[in-house]
Structure formats: C-alpha cells, structure tokens
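Printed here is coords_31.csv (CSV, C-alpha atoms):
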chain,number,residue,atom,x,y,z
A,1,MET,CA,0.0,0.0,0.0
A,2,SER,CA,1.4,3.3,-1.0
A,3,SER,CA,0.3,6.7,0.4
A,4,ASP,CA,0.4,10.1,-1.3
A,5,ILE,CA,0.9,11.7,2.1
A,6,TYR,CA,4.5,12.3,3.1
A,7,ILE,CA,5.4,13.2,6.7
A,8,GLU,CA,9.0,13.8,7.5
A,9,ASP,CA,10.5,11.2,9.8
A,10,CYS,CA,7.5,8.9,9.4
A,11,ASP,CA,8.1,5.6,7.5
A,12,ASP,CA,4.7,4.0,8.1
A,13,ASP,CA,1.9,4.9,5.8
A,14,THR,CA,-0.7,4.4,8.5
A,15,ASP,CA,1.1,6.7,10.9
A,16,ALA,CA,1.5,9.3,8.2
A,17,TRP,CA,-2.2,9.2,7.5
A,18,LEU,CA,-3.1,9.5,11.2
A,19,ILE,CA,-0.8,12.5,11.6
A,20,GLU,CA,-2.2,14.2,8.6
A,21,ALA,CA,-5.8,13.5,9.7
A,22,GLY,CA,-5.0,14.9,13.1
A,23,ARG,CA,-3.7,18.1,11.5
A,24,SER,CA,-6.9,18.6,9.5
A,25,ILE,CA,-9.2,18.2,12.5
A,26,ASP,CA,-10.9,21.5,13.4
A,27,GLU,CA,-10.1,23.0,16.8
A,28,PRO,CA,-12.8,22.3,19.4
A,29,GLU,CA,-14.9,25.2,20.7
A,30,GLY,CA,-15.4,26.8,24.1
A,31,ASP,CA,-15.7,24.5,27.0
A,32,VAL,CA,-14.4,21.5,25.2
A,33,ARG,CA,-11.2,23.3,24.2
A,34,ARG,CA,-10.6,24.4,27.8
A,35,LEU,CA,-11.1,20.8,29.0
A,36,VAL,CA,-8.9,19.3,26.3
A,37,THR,CA,-6.2,21.9,27.1
A,38,SER,CA,-6.4,21.2,30.8
A,39,ILE,CA,-6.1,17.4,30.3
A,40,SER,CA,-3.4,17.5,27.7
A,41,ALA,CA,-1.3,20.0,29.6
A,42,GLY,CA,-0.1,17.2,31.9
A,43,LEU,CA,0.7,14.8,29.0
A,44,GLY,CA,4.1,16.2,28.4
A,45,ARG,CA,5.3,15.2,31.8
A,46,VAL,CA,7.9,12.4,32.1
A,47,ARG,CA,6.1,9.1,32.7
A,48,ARG,CA,7.4,6.7,35.3
A,49,SER,CA,7.7,3.1,34.6
A,50,ALA,CA,4.6,0.9,35.3
A,51,ARG,CA,4.4,-0.7,38.7
A,52,ILE,CA,3.7,-4.4,38.8
A,53,LEU,CA,1.0,-5.2,41.4
A,54,ASP,CA,0.5,-8.1,43.7
A,55,THR,CA,-2.3,-10.4,42.6
A,56,ASP,CA,-4.2,-13.3,44.1
A,57,ASP,CA,-2.7,-15.5,41.4
A,58,GLU,CA,1.2,-15.4,41.3
A,59,ALA,CA,1.1,-16.5,37.7
A,60,VAL,CA,-0.7,-13.3,36.7
A,61,ALA,CA,1.2,-10.0,36.4
A,62,VAL,CA,-0.8,-6.8,36.2
A,63,SER,CA,0.6,-3.2,36.2
A,64,ASP,CA,-1.0,-0.2,37.7
A,65,ARG,CA,-1.3,1.4,34.3
A,66,ILE,CA,-3.5,-1.5,33.1
A,67,VAL,CA,-5.7,-1.2,36.2
A,68,LYS,CA,-6.1,2.6,35.7
A,69,GLN,CA,-7.0,2.2,32.1
A,70,LEU,CA,-9.6,-0.5,32.8
A,71,ILE,CA,-11.1,1.8,35.6
A,72,ALA,CA,-11.3,4.7,33.1
A,73,ILE,CA,-13.0,2.5,30.5
A,74,GLY,CA,-15.4,1.1,33.1
A,75,VAL,CA,-16.3,4.5,34.5
A,76,ARG,CA,-16.9,5.9,31.0
A,77,ARG,CA,-19.2,3.0,30.0
A,78,SER,CA,-21.0,3.0,33.3
A,79,VAL,CA,-21.6,6.6,34.1
A,80,GLN,CA,-20.6,8.4,30.9
A,81,ARG,CA,-18.0,10.6,32.7
A,82,LEU,CA,-14.4,11.3,31.7
A,83,VAL,CA,-11.7,10.2,34.2
A,84,VAL,CA,-9.1,13.0,34.4
A,85,PHE,CA,-7.1,11.6,37.2
A,86,ALA,CA,-6.4,8.1,38.4
A,87,SER,CA,-4.0,6.9,41.0
A,88,ILE,CA,-3.3,3.4,42.3
A,89,ASP,CA,-1.9,4.0,45.8
A,90,GLY,CA,0.4,1.8,47.8
A,91,ASP,CA,4.1,0.9,48.4
A,92,GLY,CA,5.9,-1.5,46.2
A,93,ARG,CA,3.6,-4.1,44.8
A,94,THR,CA,0.7,-3.6,47.3
A,95,VAL,CA,-2.4,-1.6,46.6
A,96,ASP,CA,-3.8,0.4,49.5
A,97,GLY,CA,-6.2,2.7,47.8
A,98,VAL,CA,-7.5,4.2,44.6
A,99,ARG,CA,-8.1,7.9,43.8
A,100,ILE,CA,-10.2,8.9,40.9
A,101,GLY,CA,-10.9,12.4,39.5
A,102,LEU,CA,-13.8,13.2,37.1
A,103,ILE,CA,-15.5,16.0,35.4
A,104,ALA,CA,-18.8,17.0,37.0
A,105,ARG,CA,-21.8,18.4,35.1
A,106,TYR,CA,-24.3,20.8,36.6
A,107,GLY,CA,-27.2,18.9,38.0
A,108,ASP,CA,-25.3,15.7,38.7
A,109,ASP,CA,-26.1,13.8,41.8
A,110,LEU,CA,-22.4,13.5,42.8
A,111,ALA,CA,-23.1,11.2,45.8
A,112,ALA,CA,-25.0,8.7,43.7
A,113,LEU,CA,-22.5,8.9,40.8
A,114,SER,CA,-19.6,8.5,43.3
A,115,ASP,CA,-21.2,5.3,44.6
A,116,SER,CA,-21.6,4.0,41.1
A,117,ILE,CA,-17.9,4.8,40.4
A,118,ARG,CA,-16.8,3.0,43.6
A,119,ASP,CA,-18.7,0.0,42.4
A,120,VAL,CA,-16.9,0.1,39.0
A,121,VAL,CA,-13.5,0.5,40.7
A,122,ASP,CA,-14.4,-2.4,43.1
A,123,ASP,CA,-15.2,-4.7,40.2
A,124,VAL,CA,-12.1,-3.8,38.3
A,125,LEU,CA,-9.9,-4.4,41.3
A,126,ILE,CA,-11.4,-7.8,41.9
A,127,ASP,CA,-11.2,-8.8,38.2
A,128,THR,CA,-7.6,-7.7,37.8
A,129,ILE,CA,-5.7,-8.2,41.0
A,130,GLY,CA,-8.2,-10.4,42.9
A,131,SER,CA,-10.4,-10.0,46.0
A,132,GLU,CA,-7.7,-10.7,48.6
A,133,SER,CA,-5.0,-8.5,47.1
A,134,SER,CA,-7.5,-5.6,46.7
A,135,THR,CA,-9.3,-5.9,50.1
A,136,THR,CA,-7.6,-2.7,51.6
A,137,ALA,CA,-7.9,-0.7,48.4
A,138,ARG,CA,-11.6,-1.5,47.9
A,139,ARG,CA,-12.2,0.1,51.3
A,140,ASN,CA,-10.2,3.1,50.3
A,141,ILE,CA,-11.6,4.4,47.0
A,142,THR,CA,-11.7,8.2,46.8
A,143,VAL,CA,-13.8,9.9,44.1
A,144,ARG,CA,-13.2,13.7,43.5
A,145,TRP,CA,-15.0,15.9,41.1
A,146,GLN,CA,-13.8,18.8,39.0
A,147,ASP,CA,-16.0,21.6,37.8
A,148,VAL,CA,-16.3,21.6,34.0
A,149,TYR,CA,-16.0,25.4,33.7
A,150,THR,CA,-13.6,26.5,36.5
A,151,ARG,CA,-11.5,23.3,36.6
A,152,GLU,CA,-11.5,23.6,40.4
A,153,TRP,CA,-11.8,20.5,42.5
A,154,LEU,CA,-15.1,20.4,44.3
A,155,THR,CA,-15.2,19.6,48.0
Can I see the file as structure tokens?
Amino acid sequence: MSSDIYIEDCDDDTDAWLIEAGRSIDEPEGDVRRLVTSISAGLGRVRRSARILDTDDEAVAVSDRIVKQLIAIGVRRSVQRLVVFASIDGDGRTVDGVRIGLIARYGDDLAALSDSIRDVVDDVLIDTIGSESSTTARRNITVRWQDVYTREWLT
C-alpha cells in the first residue's frame, strides 16, 4: 500500500495518514477546548515506569497502568464521565487505595455517581488483582469531582 501523504521522519503509511488526519481536524470550541487543554497540559510530563502489582494468582502480572486504564474505561461506560485523574496508591507491589478524579456536570447527583464509580472500581480491582490483594484498596476508594467550567476540584 502506498500513500500520497508524506510526513518527515515517518516511514509507516498508517502513521503518516493518522498524523495528517490529526492536523486537519478543526479545533474544538469553548468548554471542550478548555477541557482538552487542561487534560493535555499534563501529558508532556515524564512518565514513570509501570508498577507491577501483587495479585491473588502469582502466575498473573498486572501493572498499575492497566488497572487505571480499565477503571477509566469502566467508568466511561457505566456513568458516561471522563476520568481526568487516576492513582493506584500503595508501596511496592501492594495496593492500599485508589483515587479517581472526574468532570462533574451541573445537576449531577455527585453522591450517587460516586457510589456507582466506587462499584466500578471495586469490580475492576477484583477482576484484575483479585479479591484478597485488593481488600484494603476496595475500602479506600476516593472519588473527586472537577467543575467543567472552572476546573476547580469540588469539596
């Protein structure tokens, strides 16, 4: 397959097409632009290596990045909210807690949504690292909300 799109330093036709498509997308408007800017501002930070977590089955290795990604996907599917912050807390390979940050909408019942999100996190922890390895973390799930307009964390 040959492409008529040329991107300097890009040997793969698919990558070149994706880069070109990304360049042609119109800028988002208003609130969406602010939200995207807020989220993407932290993407340039240096990433630390993934942390392998203890699991109930020693033959299974799961990293904190995988768990965070599965939580974000589960939350998005369950309550249609964007996860803007996720942390799997603990020392070494243990998991002591999970902190999740999301974008709130006006009129949301934050208490009910937080309970639903805790249920999603609980399920992901059991499915990925197991019920025994996640016991402490499942009792320590913190959900925080960020205002869509001000980007301030709500208390």
- request: Considering all atoms listed in the file, return as a PyMOL selection string whatever protein or nucleic-acid residues lie within 8 Å of segment 134-144 of chain A, sequence-local ones (same chain, fewer than 3 positions apart) excluded.
  value: chain A and resi 95-102+114+117-118+121-122+125-126+129-131+153-155
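For the atom pair formed by atom CA of Val84 of chain A and atom CA of Glu152 of chain A, the distance is 12.4 Å, given to one decimal.
Restricting the calculation to only C-alpha atoms, the smallest distance between Val120 of chain A and any of A:Val60, A:Arg51, A:Ile73, A:Thr37 is found for A:Ile73.
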- prompt: Can you tell me how far atom CA of Gly74 of chain A sits from atom CA of Ala112 of chain A, in Å to one decimal?
  reply: 16.2 Å
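Going from atom CA of Ala59 of chain A to atom CA of Ala86 of chain A covers 25.7 Å.
The set of protein, DNA and RNA residues with any counted atom at most 10 Å from (-17.4, 17.2, 33.0) (only C-alpha atoms) reads A:Asp31, A:Val32, A:Leu35, A:Gln80, A:Arg81, A:Leu82, A:Val83, A:Val84, A:Leu102, A:Ile103, A:Ala104, A:Arg105, A:Tyr106, A:Asp108, A:Trp145, A:Gln146, A:Asp147, A:Val148, A:Tyr149, A:Arg151.
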Export of prior selection with C-alpha atoms as a tab-separated table (two decimals), keeping the file's coordinate frame:
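selection34.tsv written:
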chain	number	residue	atom	x	y	z
A	31	ASP	CA	-15.70	24.50	27.00
A	32	VAL	CA	-14.40	21.50	25.20
A	35	LEU	CA	-11.10	20.80	29.00
A	80	GLN	CA	-20.60	8.40	30.90
A	81	ARG	CA	-18.00	10.60	32.70
A	82	LEU	CA	-14.40	11.30	31.70
A	83	VAL	CA	-11.70	10.20	34.20
A	84	VAL	CA	-9.10	13.00	34.40
A	102	LEU	CA	-13.80	13.20	37.10
A	103	ILE	CA	-15.50	16.00	35.40
A	104	ALA	CA	-18.80	17.00	37.00
A	105	ARG	CA	-21.80	18.40	35.10
A	106	TYR	CA	-24.30	20.80	36.60
A	108	ASP	CA	-25.30	15.70	38.70
A	145	TRP	CA	-15.00	15.90	41.10
A	146	GLN	CA	-13.80	18.80	39.00
A	147	ASP	CA	-16.00	21.60	37.80
A	148	VAL	CA	-16.30	21.60	34.00
A	149	TYR	CA	-16.00	25.40	33.70
A	151	ARG	CA	-11.50	23.30	36.60
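For the residues A:Ser78, A:Ser133, A:Arg93, A:Leu113, ranking by smallest atom-to-atom distance to Asp56 of chain A using all atoms listed in the file places A:Ser133 first.
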Taking (2.0, -3.0, 41.3) in the coordinates of the supplied file, I want to know which residues reach to within 8 Å of it, counting only C-alpha atoms; could you give the answer as a short mmCIF file (atom, residue, chain, number, x, y, z; two decimals) with C-alpha atoms, keeping the file's coordinate frame?
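File produced: point.cif:
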data_model
loop_
_atom_site.label_atom_id
_atom_site.label_comp_id
_atom_site.auth_asym_id
_atom_site.auth_seq_id
_atom_site.Cartn_x
_atom_site.Cartn_y
_atom_site.Cartn_z
CA ALA A 50 4.60 0.90 35.30
CA ARG A 51 4.40 -0.70 38.70
CA ILE A 52 3.70 -4.40 38.80
CA LEU A 53 1.00 -5.20 41.40
CA ASP A 54 0.50 -8.10 43.70
CA VAL A 62 -0.80 -6.80 36.20
CA SER A 63 0.60 -3.20 36.20
CA ASP A 64 -1.00 -0.20 37.70
CA GLY A 92 5.90 -1.50 46.20
CA ARG A 93 3.60 -4.10 44.80
CA THR A 94 0.70 -3.60 47.30
CA VAL A 95 -2.40 -1.60 46.60
#
- prompt: Pick from A:Glu132, A:Asp127, A:Asp91, A:Asp119: nearest to Val75 of chain A, with only C-alpha atoms counted?
  reply: A:Asp119
